[in-house]
file my_file26.txt (compact mmCIF, C-alpha atoms and all ligand atoms)
# COMPACT_ATOMS: atom_id res chain seq x y z
CA VAL A 75 25.89 5.96 7.91
CA ASP A 76 25.07 3.15 5.51
CA LYS A 77 23.67 3.34 1.98
CA ARG A 78 20.11 3.39 3.31
CA GLY A 79 20.84 6.52 5.29
CA GLY A 80 20.74 4.53 8.53
CA THR A 81 23.40 3.74 11.07
CA LEU A 82 22.75 0.02 11.41
CA PRO A 83 25.41 -2.36 10.14
CA ILE A 84 24.84 -3.39 6.53
CA VAL A 85 23.45 -6.89 6.54
CA LYS A 86 25.58 -9.36 4.58
CA LYS A 87 24.09 -12.74 5.31
CA ILE A 88 20.55 -14.05 5.62
CA HIS A 89 21.52 -15.12 9.12
CA ASP A 90 21.90 -11.43 10.07
CA LEU A 91 18.43 -10.38 8.93
CA SER A 92 15.83 -9.46 11.53
CA THR A 93 12.59 -11.31 10.97
CA PRO A 94 9.94 -11.16 9.67
CA CYS A 95 11.22 -9.68 6.42
CA LEU A 96 10.85 -10.20 2.69
CA VAL A 97 13.61 -12.14 0.98
CA LEU A 98 13.85 -12.30 -2.78
CA ASP A 99 15.86 -15.24 -4.05
CA LEU A 100 17.70 -13.72 -7.00
CA ASP A 101 18.47 -17.01 -8.76
CA ARG A 102 14.80 -17.98 -8.76
CA PHE A 103 13.65 -14.46 -9.61
CA GLU A 104 16.04 -14.23 -12.57
CA ALA A 105 14.91 -17.65 -13.79
CA ASN A 106 11.30 -16.44 -13.72
CA LEU A 107 12.20 -13.28 -15.64
CA GLU A 108 14.13 -15.25 -18.23
CA LYS A 109 11.42 -17.85 -18.66
CA MET A 110 8.71 -15.27 -19.33
CA SER A 111 11.03 -13.31 -21.60
CA ARG A 112 11.92 -16.41 -23.65
CA PHE A 113 8.28 -17.45 -23.82
CA THR A 114 7.01 -14.09 -25.07
CA ARG A 115 9.83 -13.90 -27.63
CA GLN A 116 8.99 -17.36 -28.96
CA ARG A 117 5.29 -16.58 -29.10
CA ASN A 118 5.94 -13.19 -30.68
CA ILE A 119 3.84 -11.31 -28.16
CA ALA A 120 4.87 -8.20 -26.26
CA LEU A 121 5.15 -8.09 -22.47
CA ARG A 122 4.23 -5.05 -20.39
CA PRO A 123 4.42 -6.61 -16.91
CA HIS A 124 2.36 -5.18 -14.08
CA ALA A 125 4.29 -3.29 -11.38
CA LYS A 126 1.38 -3.57 -8.92
CA THR A 127 3.00 -6.86 -7.90
CA HIS A 128 6.35 -5.41 -6.88
CA LYS A 129 6.15 -1.56 -6.72
CA CYS A 130 9.90 -1.59 -7.28
CA VAL A 131 11.88 0.38 -9.84
CA ASN A 132 14.82 -2.06 -9.65
CA ILE A 133 12.54 -4.89 -10.73
CA ALA A 134 10.87 -2.86 -13.48
CA ARG A 135 14.35 -2.07 -14.85
CA ARG A 136 15.23 -5.75 -14.94
CA GLN A 137 11.98 -6.51 -16.75
CA LEU A 138 12.77 -3.88 -19.39
CA GLN A 139 16.33 -5.23 -19.75
CA GLN A 140 14.75 -8.61 -20.45
CA GLY A 141 12.78 -7.17 -23.35
CA ALA A 142 9.52 -5.88 -21.84
CA VAL A 143 8.05 -3.08 -23.98
CA GLY A 144 6.98 -1.10 -20.93
CA ILE A 145 5.47 -1.45 -17.48
CA CYS A 146 1.88 -1.36 -16.23
CA ALA A 147 1.00 0.59 -13.10
CA ALA A 148 -2.23 0.33 -11.14
CA THR A 149 -2.22 3.84 -9.68
CA ILE A 150 -0.92 7.29 -10.52
CA ALA A 151 1.47 7.05 -7.56
CA GLU A 152 3.02 3.82 -8.88
CA ALA A 153 3.37 5.42 -12.31
CA GLU A 154 5.07 8.51 -10.84
CA VAL A 155 7.57 6.39 -8.95
CA MET A 156 8.38 4.45 -12.12
CA VAL A 157 8.81 7.57 -14.27
CA ARG A 158 11.01 9.21 -11.64
CA GLY A 159 13.09 6.03 -11.66
CA GLY A 160 13.65 6.37 -15.41
CA ILE A 161 11.07 3.79 -16.47
CA ARG A 162 9.19 4.55 -19.69
CA GLY A 163 6.40 2.86 -21.64
CA LEU A 164 3.90 3.05 -18.80
CA LEU A 165 0.30 1.95 -19.03
CA ILE A 166 -1.79 3.01 -16.04
CA THR A 167 -4.51 0.37 -15.80
CA GLY A 168 -6.72 2.19 -13.29
CA GLU A 169 -9.11 5.00 -14.30
CA MET A 170 -8.00 8.57 -13.53
CA ILE A 171 -11.14 10.04 -12.01
CA GLY A 172 -11.20 13.40 -10.22
CA GLU A 173 -9.07 16.51 -10.39
CA PRO A 174 -6.15 15.40 -8.18
CA LYS A 175 -5.43 12.29 -10.25
CA ILE A 176 -6.05 14.01 -13.57
CA SER A 177 -3.67 16.87 -12.82
CA ARG A 178 -1.00 14.42 -11.64
CA LEU A 179 -1.50 12.48 -14.87
CA MET A 180 -0.99 15.62 -16.94
CA ARG A 181 2.26 16.42 -15.14
CA LEU A 182 3.39 12.84 -15.62
CA VAL A 183 2.63 12.84 -19.35
CA SER A 184 4.53 16.14 -19.75
CA GLU A 185 7.53 14.33 -18.30
CA ALA A 186 6.98 10.95 -19.99
CA PRO A 187 4.88 11.53 -23.14
CA ASP A 188 4.60 7.84 -24.01
CA THR A 189 2.58 7.15 -20.84
CA MET A 190 -0.84 5.65 -21.59
CA ALA A 191 -3.98 5.84 -19.51
CA VAL A 192 -7.29 3.99 -19.69
CA VAL A 193 -10.82 5.30 -19.88
CA ASP A 194 -14.29 3.73 -19.59
CA ASP A 195 -16.66 6.69 -19.43
CA VAL A 196 -17.52 9.54 -21.80
CA SER A 197 -17.57 12.14 -19.01
CA ASN A 198 -14.02 11.13 -18.10
CA VAL A 199 -13.01 11.55 -21.75
CA GLU A 200 -14.33 15.10 -21.52
CA ASP A 201 -12.43 15.79 -18.28
CA LEU A 202 -9.21 14.37 -19.73
CA GLN A 203 -9.60 16.42 -22.93
CA ARG A 204 -10.12 19.63 -20.94
CA ALA A 205 -7.04 18.96 -18.81
CA ALA A 206 -4.86 17.85 -21.75
CA GLY A 207 -5.95 20.92 -23.74
CA ARG A 208 -5.04 23.20 -20.85
CA ALA A 209 -1.69 21.46 -20.37
CA GLU A 210 -1.08 21.49 -24.14
CA ILE A 211 -0.20 17.82 -24.25
CA GLN A 212 -1.31 14.81 -26.25
CA LEU A 213 -2.63 11.96 -24.13
CA THR A 214 -2.68 8.39 -25.43
CA LEU A 215 -5.60 6.25 -24.27
CA LEU A 216 -6.72 2.65 -24.26
CA ILE A 217 -10.38 1.82 -23.81
CA ASP A 218 -10.77 -0.21 -20.63
CA LEU A 219 -13.14 -3.03 -21.49
CA ASP A 220 -15.13 -5.11 -18.99
CA ILE A 221 -14.83 -8.61 -20.37
CA GLY A 222 -16.43 -10.31 -17.39
CA GLN A 223 -14.58 -9.23 -14.25
CA ASN A 224 -17.39 -6.82 -13.40
CA ARG A 225 -15.00 -4.22 -12.04
CA THR A 226 -14.16 -1.18 -14.15
CA GLY A 227 -14.43 -1.07 -17.94
CA VAL A 228 -17.00 -0.10 -20.52
CA GLN A 229 -19.19 -2.88 -21.88
CA PRO A 230 -17.99 -4.49 -25.11
CA GLY A 231 -19.57 -3.63 -28.45
CA GLU A 232 -21.63 -0.48 -29.02
CA PRO A 233 -20.81 1.25 -25.65
CA ALA A 234 -17.09 0.88 -26.43
CA LEU A 235 -17.64 2.24 -29.93
CA GLN A 236 -19.35 5.33 -28.50
CA LEU A 237 -16.37 5.87 -26.25
CA ALA A 238 -14.02 5.54 -29.22
CA ARG A 239 -16.04 8.21 -31.04
CA ALA A 240 -15.81 10.56 -28.07
CA ILE A 241 -12.03 10.09 -27.99
CA ALA A 242 -11.77 10.64 -31.75
CA HIS A 243 -13.58 13.98 -31.33
CA SER A 244 -11.12 15.12 -28.65
CA LYS A 245 -8.25 17.14 -30.04
CA ASN A 246 -5.71 16.25 -27.37
CA LEU A 247 -6.60 12.57 -26.96
CA GLN A 248 -5.46 9.68 -29.07
CA LEU A 249 -6.93 6.23 -29.05
CA LYS A 250 -4.35 3.50 -29.33
CA GLY A 251 -6.30 0.39 -28.45
CA ILE A 252 -8.03 -1.70 -25.82
CA CYS A 253 -7.13 -2.84 -22.33
CA ALA A 254 -9.00 -6.06 -21.57
CA TYR A 255 -7.83 -7.71 -18.36
CA ALA A 256 -9.79 -10.82 -17.38
CA GLY A 257 -8.99 -10.97 -13.67
CA HIS A 258 -11.82 -13.43 -13.10
CA ALA A 259 -10.09 -15.96 -15.37
CA ALA A 260 -6.61 -15.69 -13.83
CA HIS A 261 -7.13 -18.07 -10.91
CA VAL A 262 -9.64 -20.52 -12.37
CA VAL A 263 -8.50 -23.91 -11.08
CA GLY A 264 -7.62 -26.44 -13.78
CA PHE A 265 -5.86 -25.58 -17.02
CA GLU A 266 -8.72 -26.46 -19.38
CA ALA A 267 -11.33 -24.61 -17.31
CA ARG A 268 -9.02 -21.59 -17.18
CA ARG A 269 -8.45 -21.73 -20.91
CA ALA A 270 -12.21 -21.79 -21.54
CA ALA A 271 -12.83 -18.86 -19.16
CA SER A 272 -10.08 -16.74 -20.66
CA ARG A 273 -11.13 -17.49 -24.23
CA ARG A 274 -14.75 -16.57 -23.44
CA ALA A 275 -13.57 -13.27 -21.97
CA LEU A 276 -11.11 -12.32 -24.68
CA GLU A 277 -13.51 -13.15 -27.50
CA GLN A 278 -15.54 -10.15 -26.37
CA ALA A 279 -12.45 -8.00 -26.75
CA LEU A 280 -11.79 -9.36 -30.24
CA GLY A 281 -15.37 -8.59 -31.27
CA THR A 282 -15.03 -5.04 -29.98
CA ARG A 283 -11.69 -4.59 -31.69
CA GLU A 284 -13.27 -5.62 -34.99
CA LEU A 285 -16.14 -3.20 -34.49
CA LEU A 286 -13.79 -0.31 -33.70
CA VAL A 287 -11.53 -1.04 -36.66
CA LYS A 288 -14.54 -1.32 -38.97
CA HIS A 289 -15.49 2.20 -37.93
CA GLY A 290 -12.04 3.55 -38.64
CA HIS A 291 -10.58 3.61 -35.12
CA ARG A 292 -7.04 2.54 -34.34
CA VAL A 293 -6.50 -0.55 -32.25
CA ASP A 294 -2.74 -1.05 -32.37
CA ILE A 295 -2.71 -2.45 -28.85
CA LEU A 296 -4.89 -5.12 -27.32
CA SER A 297 -3.52 -5.62 -23.84
CA GLY A 298 -4.54 -8.30 -21.34
CA ALA A 299 -3.52 -11.59 -19.71
CA SER A 300 -2.28 -12.60 -16.27
CA THR A 301 0.24 -15.04 -14.85
CA GLY A 302 -2.52 -17.66 -14.82
CA THR A 303 -3.26 -17.28 -18.54
CA TYR A 304 0.18 -16.35 -19.94
CA ASN A 305 0.40 -19.65 -21.86
CA ILE A 306 -3.25 -19.56 -22.93
CA ASP A 307 -3.83 -16.06 -24.25
CA PRO A 308 -1.09 -15.89 -26.93
CA ASP A 309 -3.18 -18.49 -28.83
CA ILE A 310 -5.86 -15.86 -29.17
CA GLU A 311 -5.04 -14.06 -32.34
CA GLY A 312 -5.25 -10.33 -31.88
CA LEU A 313 -3.84 -10.02 -28.37
CA THR A 314 -0.74 -7.86 -28.81
CA GLU A 315 0.64 -7.73 -25.29
CA MET A 316 0.44 -9.33 -21.86
CA GLN A 317 0.31 -7.60 -18.46
CA SER A 318 1.24 -10.55 -16.23
CA GLY A 319 2.64 -9.52 -12.88
CA SER A 320 2.86 -12.27 -10.27
CA TYR A 321 5.16 -14.51 -12.34
CA VAL A 322 8.22 -12.71 -10.93
CA PHE A 323 7.48 -13.84 -7.36
CA MET A 324 4.75 -16.50 -7.48
CA ASP A 325 2.55 -17.32 -4.49
CA VAL A 326 0.53 -20.13 -2.95
CA GLU A 327 -2.67 -18.94 -4.61
CA TYR A 328 -1.10 -19.37 -8.04
CA ARG A 329 0.48 -22.71 -7.17
CA ARG A 330 -2.99 -24.03 -6.36
CA ILE A 331 -4.58 -23.27 -9.73
CA GLY A 332 -2.83 -26.16 -11.45
CA GLY A 333 -0.60 -26.10 -14.50
CA ALA A 334 -0.90 -27.38 -18.05
CA SER A 335 0.54 -30.72 -17.02
CA GLY A 336 -0.13 -31.19 -13.33
CA PRO A 337 -2.11 -30.25 -10.21
CA VAL A 338 0.48 -27.67 -9.08
CA TYR A 339 1.24 -24.63 -11.21
CA GLU A 340 5.03 -24.78 -11.38
CA ASP A 341 5.72 -22.81 -14.56
CA PHE A 342 7.35 -20.18 -12.38
CA THR A 343 9.19 -20.79 -9.12
CA PRO A 344 8.42 -19.20 -5.74
CA ALA A 345 11.09 -16.52 -5.53
CA LEU A 346 9.73 -14.30 -2.79
CA CYS A 347 9.32 -15.48 0.79
CA VAL A 348 8.71 -14.06 4.19
CA LEU A 349 11.65 -15.07 6.33
CA ALA A 350 10.47 -16.07 9.81
CA THR A 351 12.15 -17.32 13.00
CA VAL A 352 10.92 -20.20 15.15
CA ILE A 353 10.37 -18.46 18.49
CA HIS A 354 8.76 -21.33 20.41
CA ARG A 355 8.99 -25.09 20.14
CA SER A 356 7.06 -27.66 22.19
CA GLY A 357 5.70 -31.10 21.30
CA PRO A 358 4.45 -31.08 17.70
CA LYS A 359 4.08 -27.28 17.81
CA ALA A 360 6.40 -24.62 16.49
CA ILE A 361 5.56 -20.91 16.62
CA VAL A 362 7.09 -18.49 14.12
CA ASP A 363 7.27 -14.72 14.38
CA ALA A 364 5.25 -14.09 11.20
CA GLY A 365 1.51 -13.68 11.67
CA ILE A 366 -1.28 -11.46 10.37
CA LYS A 367 0.96 -8.38 10.22
CA ALA A 368 3.56 -10.18 8.13
CA LEU A 369 1.35 -11.85 5.51
CA ALA A 370 -1.75 -10.70 3.66
CA THR A 371 -4.69 -12.77 4.87
CA ASP A 372 -7.16 -11.99 2.08
CA ARG A 373 -7.13 -15.51 0.70
CA GLY A 374 -8.06 -17.29 3.91
CA PHE A 375 -5.14 -19.69 3.77
CA GLY A 376 -1.66 -19.38 5.17
CA PRO A 377 1.77 -19.74 3.61
CA GLU A 378 3.61 -22.92 2.66
CA VAL A 379 6.94 -23.56 4.34
CA LEU A 380 9.52 -23.75 1.57
CA GLY A 381 11.02 -27.21 1.31
CA MET A 382 8.79 -28.70 4.05
CA ALA A 383 5.71 -30.07 2.33
CA ASP A 384 4.34 -31.85 5.43
CA VAL A 385 4.46 -28.79 7.70
CA THR A 386 1.24 -26.78 7.91
CA TYR A 387 0.89 -23.16 8.97
CA GLU A 388 -2.07 -21.46 10.63
CA PHE A 389 -2.37 -17.82 11.63
CA ALA A 390 -2.05 -17.48 15.41
CA GLY A 391 -2.30 -13.71 15.89
CA ASP A 392 -0.74 -10.44 14.79
CA GLU A 393 2.84 -11.57 15.31
CA HIS A 394 2.48 -15.34 15.44
CA GLY A 395 2.02 -18.29 13.14
CA ARG A 396 1.53 -21.86 14.37
CA LEU A 397 3.24 -24.68 12.56
CA THR A 398 2.15 -28.22 13.00
CA ALA A 399 5.62 -29.58 12.93
CA ASN A 400 5.91 -33.29 13.27
CA ASP A 401 9.14 -32.60 11.48
CA LYS A 402 11.66 -33.04 14.30
CA SER A 403 14.25 -31.11 12.33
CA ILE A 404 12.57 -27.78 13.16
CA ARG A 405 14.37 -26.22 16.09
CA LEU A 406 14.04 -23.14 18.22
CA GLY A 407 15.74 -20.26 16.43
CA ASP A 408 15.51 -21.80 12.96
CA ARG A 409 14.92 -19.47 10.03
CA LEU A 410 12.15 -20.70 7.73
CA ARG A 411 11.09 -19.32 4.37
CA LEU A 412 7.34 -18.93 4.03
CA VAL A 413 5.93 -18.98 0.50
CA ILE A 414 3.48 -16.11 0.49
CA PRO A 415 -0.27 -16.82 0.12
CA HIS A 416 -0.91 -13.77 -2.12
CA CYS A 417 2.09 -11.77 -3.27
CA ASP A 418 0.78 -8.29 -4.19
CA PRO A 419 -0.86 -7.31 -0.87
CA THR A 420 1.96 -8.94 1.13
CA VAL A 421 4.61 -6.86 -0.68
CA ASN A 422 2.48 -3.86 0.22
CA LEU A 423 3.21 -4.53 3.92
CA TYR A 424 6.97 -4.04 3.61
CA ASP A 425 9.51 -1.31 2.85
CA ARG A 426 12.14 -3.37 1.07
CA PHE A 427 13.16 -6.62 -0.52
CA PHE A 428 16.32 -8.24 0.81
CA CYS A 429 17.80 -9.75 -2.34
CA VAL A 430 19.62 -12.97 -1.57
CA ARG A 431 21.79 -15.38 -3.47
CA GLY A 432 22.58 -18.54 -1.57
CA GLU A 433 23.17 -17.41 2.00
CA MET A 434 24.38 -13.94 1.05
CA VAL A 435 22.32 -10.75 0.97
CA GLU A 436 23.42 -9.08 -2.26
CA ASP A 437 21.22 -6.01 -2.25
CA GLU A 438 18.22 -4.20 -0.84
CA TRP A 439 15.55 -2.87 -3.18
CA PRO A 440 13.00 -0.35 -1.94
CA ILE A 441 9.27 -0.98 -2.28
CA MET A 442 7.72 2.33 -3.23
CA GLU A 443 4.46 4.13 -2.65
CA ARG A 444 2.75 1.39 -0.77
CA ALA A 445 -0.38 3.29 0.11
CA GLY A 446 -0.50 4.94 -3.31
CA GLY A 447 -1.23 8.32 -1.78
CA SER A 448 1.54 10.86 -1.94
CA THR A 449 3.05 12.55 -4.94
CA TYR A 450 6.63 12.94 -6.07
CA PHE A 451 5.95 16.29 -7.68
C1 LIG B 1 -5.25 -4.80 -14.62
C2 LIG B 1 -4.32 -5.90 -14.21
N1 LIG B 1 -3.43 -6.39 -15.11
C3 LIG B 1 -2.56 -7.35 -14.79
C4 LIG B 1 -2.54 -7.92 -13.53
C5 LIG B 1 -1.50 -8.97 -13.23
O1 LIG B 1 -2.05 -10.18 -12.92
P1 LIG B 1 -1.17 -11.35 -12.26
O2 LIG B 1 -0.44 -10.77 -11.11
O3 LIG B 1 -2.21 -12.32 -11.84
O4 LIG B 1 -0.27 -11.83 -13.31
C6 LIG B 1 -3.46 -7.48 -12.57
C7 LIG B 1 -3.47 -8.09 -11.24
O5 LIG B 1 -4.33 -7.94 -10.42
C8 LIG B 1 -4.36 -6.44 -12.91
O6 LIG B 1 -5.24 -5.95 -12.02
call {"tool": "encode", "arguments": {"input": "my_file26.txt", "output": "structure tokens"}}
result
Amino acid sequence: VDKRGGTLPIVKKIHDLSTPCLVLDLDRFEANLEKMSRFTRQRNIALRPHAKTHKCVNIARRQLQQGAVGICAATIAEAEVMVRGGIRGLLITGEMIGEPKISRLMRLVSEAPDTMAVVDDVSNVEDLQRAAGRAEIQLTLLIDLDIGQNRTGVQPGEPALQLARAIAHSKNLQLKGICAYAGHAAHVVGFEARRAASRRALEQALGTRELLVKHGHRVDILSGASTGTYNIDPDIEGLTEMQSGSYVFMDVEYRRIGGASGPVYEDFTPALCVLATVIHRSGPKAIVDAGIKALATDRGFGPEVLGMADVTYEFAGDEHGRLTANDKSIRLGDRLRLVIPHCDPTVNLYDRFFCVRGEMVEDEWPIMERAGGSTYF
């Protein structure tokens, strides 16, 4: 029985992996971690990276070792997995609405009291106060602000101030700041256009912060930013921490937005790939065993083949991808690394990362709570 509890031989080399599978290139991954860590240190801004990208305790641990102040989670299930894995400093960026999530949050905060949640509605403040009072715990909150994404979040200005007042009147709740994620700015193509979009969004957060502080509320934390705006948002005075997530892996969608100095965003290196095998070869066509089931298709474009710029991929069914491969070097049985179109939902399709260095598989890291449903309690 191997360390995974299975009876299969432990894989040692990439060559031994069954495809399709996720391979994480540790050298590239570590370079991405180090680059973001160095950058945030130099810019004197905190990093609380988002675990929605990886859903992996091993990766969260590495991020904390590199100086992150904590970890963001999108769901209560992700947060539970992190806490059970010893991770602290969690910020849950999704609203906790309804009894099942609220009671799980209370249990989580009993175990990890520094966990923070977000709120955007006065009735939810009341529900959280009732539950926190009953559980006899103190719950730390950030106001989730809608700064243009039109998803969750209270409107900036007066509505946010009213929410702050409601929190201030709640004995078991403590306001610590504002969560202002501008998802609509993250993938704006072109550095200057992205900078303008992000600035427009975050200015609303700064205005609200001022208003709250003027009325005596605490705003120690102003949390926001993405991988697309990591080198834009620290210029905005008042942002205290960044929640970037995708920088650890990178994906085609991010490569296409353009960087500060060129048409391809190359600040971080593609570290995560789907490993695929060429299962058919004829004429200019090569078919790989990674199709719709192996790659999230939400972006409408396929993966890039790592190191083969002139090869194009198109989805050809559940288990198939078609490469237009004028490249004669592609042969039946070859293993190709596909740079993922959109990393978060692709990770969500798999159970584990195979962590590779060179040709060797060094480790396997589990991807947890993919559906976000069950509880660890
Ligand atoms: C609330 C929130 N914060 C941070 C992120 C991380 O963004 P990225 O992966 O683009 O860096 C996301 C991603 O969707 C998000 O929803």
call {"tool": "residues_near_ligand", "arguments": {"input": "my_file26.txt", "ligand": "ligand LIG 1 (chain B)", "cutoff": "9 Å", "atoms": "all atoms listed in the file", "output": "NGL selection string"}}
result
:A and (123-127 or 146-148 or 166-168 or 253-257 or 260-261 or 297-304 or 316-322 or 324 or 328 or 417-418)
call {"tool": "closest_residue", "arguments": {"input": "my_file26.txt", "among": "A:Gln278, A:Thr149, A:Gln223, A:Asn198", "to": "Glu173 (chain A)", "atoms": "all atoms listed in the file"}}
result
A:Asn198
call {"tool": "closest_residue", "arguments": {"input": "my_file26.txt", "among": "A:Arg204, A:Arg411, A:Arg135, A:Lys367", "to": "Arg122 (chain A)", "atoms": "all atoms listed in the file"}}
result
A:Arg135
call {"tool": "atom_distance", "arguments": {"input": "my_file26.txt", "atom1": "CA of Phe428 (chain A)", "atom2": "CA of Pro344 (chain A)"}}
result
15.0 Å
call {"tool": "residues_around", "arguments": {"input": "my_file26.txt", "residues": "Ile310 (chain A)", "least_positions_apart": "5", "cutoff": "10 Å", "atoms": "all atoms listed in the file", "output": "PyMOL selection string"}}
result
chain A and resi 272-273+276-277+280
call {"tool": "closest_residue", "arguments": {"input": "my_file26.txt", "among": "A:Ile211, A:Leu91, A:Val155, A:Val385", "to": "Ile404 (chain A)", "atoms": "all atoms listed in the file"}}
result
A:Val385
call {"tool": "residues_around", "arguments": {"input": "my_file26.txt", "residues": "Met382 (chain A)", "least_positions_apart": "3", "cutoff": "10 Å", "atoms": "all atoms listed in the file", "output": "short mmCIF file (atom, residue, chain, number, x, y, z; two decimals) with C-alpha atoms, in the coordinates of the input"}}
result
data_model
loop_
_atom_site.label_atom_id
_atom_site.label_comp_id
_atom_site.auth_asym_id
_atom_site.auth_seq_id
_atom_site.Cartn_x
_atom_site.Cartn_y
_atom_site.Cartn_z
CA GLU A 378 3.61 -22.92 2.66
CA VAL A 379 6.94 -23.56 4.34
CA VAL A 385 4.46 -28.79 7.70
CA THR A 386 1.24 -26.78 7.91
CA ALA A 399 5.62 -29.58 12.93
CA ASP A 401 9.14 -32.60 11.48
CA ILE A 404 12.57 -27.78 13.16
CA LEU A 410 12.15 -20.70 7.73
CA ARG A 411 11.09 -19.32 4.37
CA LEU A 412 7.34 -18.93 4.03
#
call {"tool": "atom_distance", "arguments": {"input": "my_file26.txt", "atom1": "CA of Pro187 (chain A)", "atom2": "CA of Gln236 (chain A)"}}
result
25.6 Å
call {"tool": "residues_around", "arguments": {"input": "my_file26.txt", "residues": "Gly357 (chain A)", "least_positions_apart": "5", "cutoff": "10 Å", "atoms": "all atoms listed in the file", "output": "list in words"}}
result
Thr398, Ala399, Asn400 and Lys402 of chain A
call {"tool": "write_last_selection", "arguments": {"input": "my_file26.txt", "atoms": "C-alpha atoms", "output": "mmCIF file, in the frame of the given file"}}
result
data_model
loop_
_atom_site.group_PDB
_atom_site.id
_atom_site.type_symbol
_atom_site.label_atom_id
_atom_site.label_comp_id
_atom_site.auth_asym_id
_atom_site.auth_seq_id
_atom_site.Cartn_x
_atom_site.Cartn_y
_atom_site.Cartn_z
ATOM 1 C CA THR A 398 2.150 -28.220 13.000
ATOM 2 C CA ALA A 399 5.620 -29.580 12.930
ATOM 3 C CA ASN A 400 5.910 -33.290 13.270
ATOM 4 C CA LYS A 402 11.660 -33.040 14.300
#
call {"tool": "decode", "arguments": {"input": "my_file26.txt", "residues": "region 155-160 of chain A", "atoms": "all heavy atoms", "output": "short mmCIF file (atom, residue, chain, number, x, y, z; two decimals), in the first residue's frame"}}
result
data_model
loop_
_atom_site.label_atom_id
_atom_site.label_comp_id
_atom_site.auth_asym_id
_atom_site.auth_seq_id
_atom_site.Cartn_x
_atom_site.Cartn_y
_atom_site.Cartn_z
N VAL A 155 -10.91 23.26 5.07
CA VAL A 155 -9.77 22.42 4.67
C VAL A 155 -8.46 23.10 5.08
O VAL A 155 -7.54 22.45 5.59
CB VAL A 155 -9.81 22.19 3.14
CG1 VAL A 155 -8.47 21.67 2.64
CG2 VAL A 155 -10.92 21.21 2.80
N MET A 156 -8.39 24.40 4.88
CA MET A 156 -7.16 25.13 5.21
C MET A 156 -6.91 25.10 6.71
O MET A 156 -5.80 24.82 7.17
CB MET A 156 -7.26 26.59 4.72
CG MET A 156 -7.25 26.71 3.21
SD MET A 156 -5.65 26.21 2.50
CE MET A 156 -6.17 25.63 0.89
N VAL A 157 -7.95 25.38 7.49
CA VAL A 157 -7.78 25.41 8.96
C VAL A 157 -7.38 24.03 9.46
O VAL A 157 -6.47 23.89 10.28
CB VAL A 157 -9.08 25.91 9.64
CG1 VAL A 157 -9.07 25.59 11.13
CG2 VAL A 157 -9.22 27.41 9.42
N ARG A 158 -8.03 22.99 8.93
CA ARG A 158 -7.68 21.63 9.36
C ARG A 158 -6.25 21.26 8.95
O ARG A 158 -5.62 20.39 9.55
CB ARG A 158 -8.68 20.63 8.78
CG ARG A 158 -9.98 20.63 9.54
CD ARG A 158 -9.71 20.17 10.95
NE ARG A 158 -10.72 20.60 11.89
CZ ARG A 158 -11.69 19.84 12.35
NH1 ARG A 158 -11.85 18.61 11.91
NH2 ARG A 158 -12.53 20.32 13.25
N GLY A 159 -5.74 21.94 7.94
CA GLY A 159 -4.36 21.71 7.51
C GLY A 159 -3.37 22.60 8.24
O GLY A 159 -2.20 22.66 7.88
N GLY A 160 -3.86 23.34 9.25
CA GLY A 160 -2.95 24.16 10.07
C GLY A 160 -2.76 25.58 9.56
O GLY A 160 -1.94 26.33 10.07
#
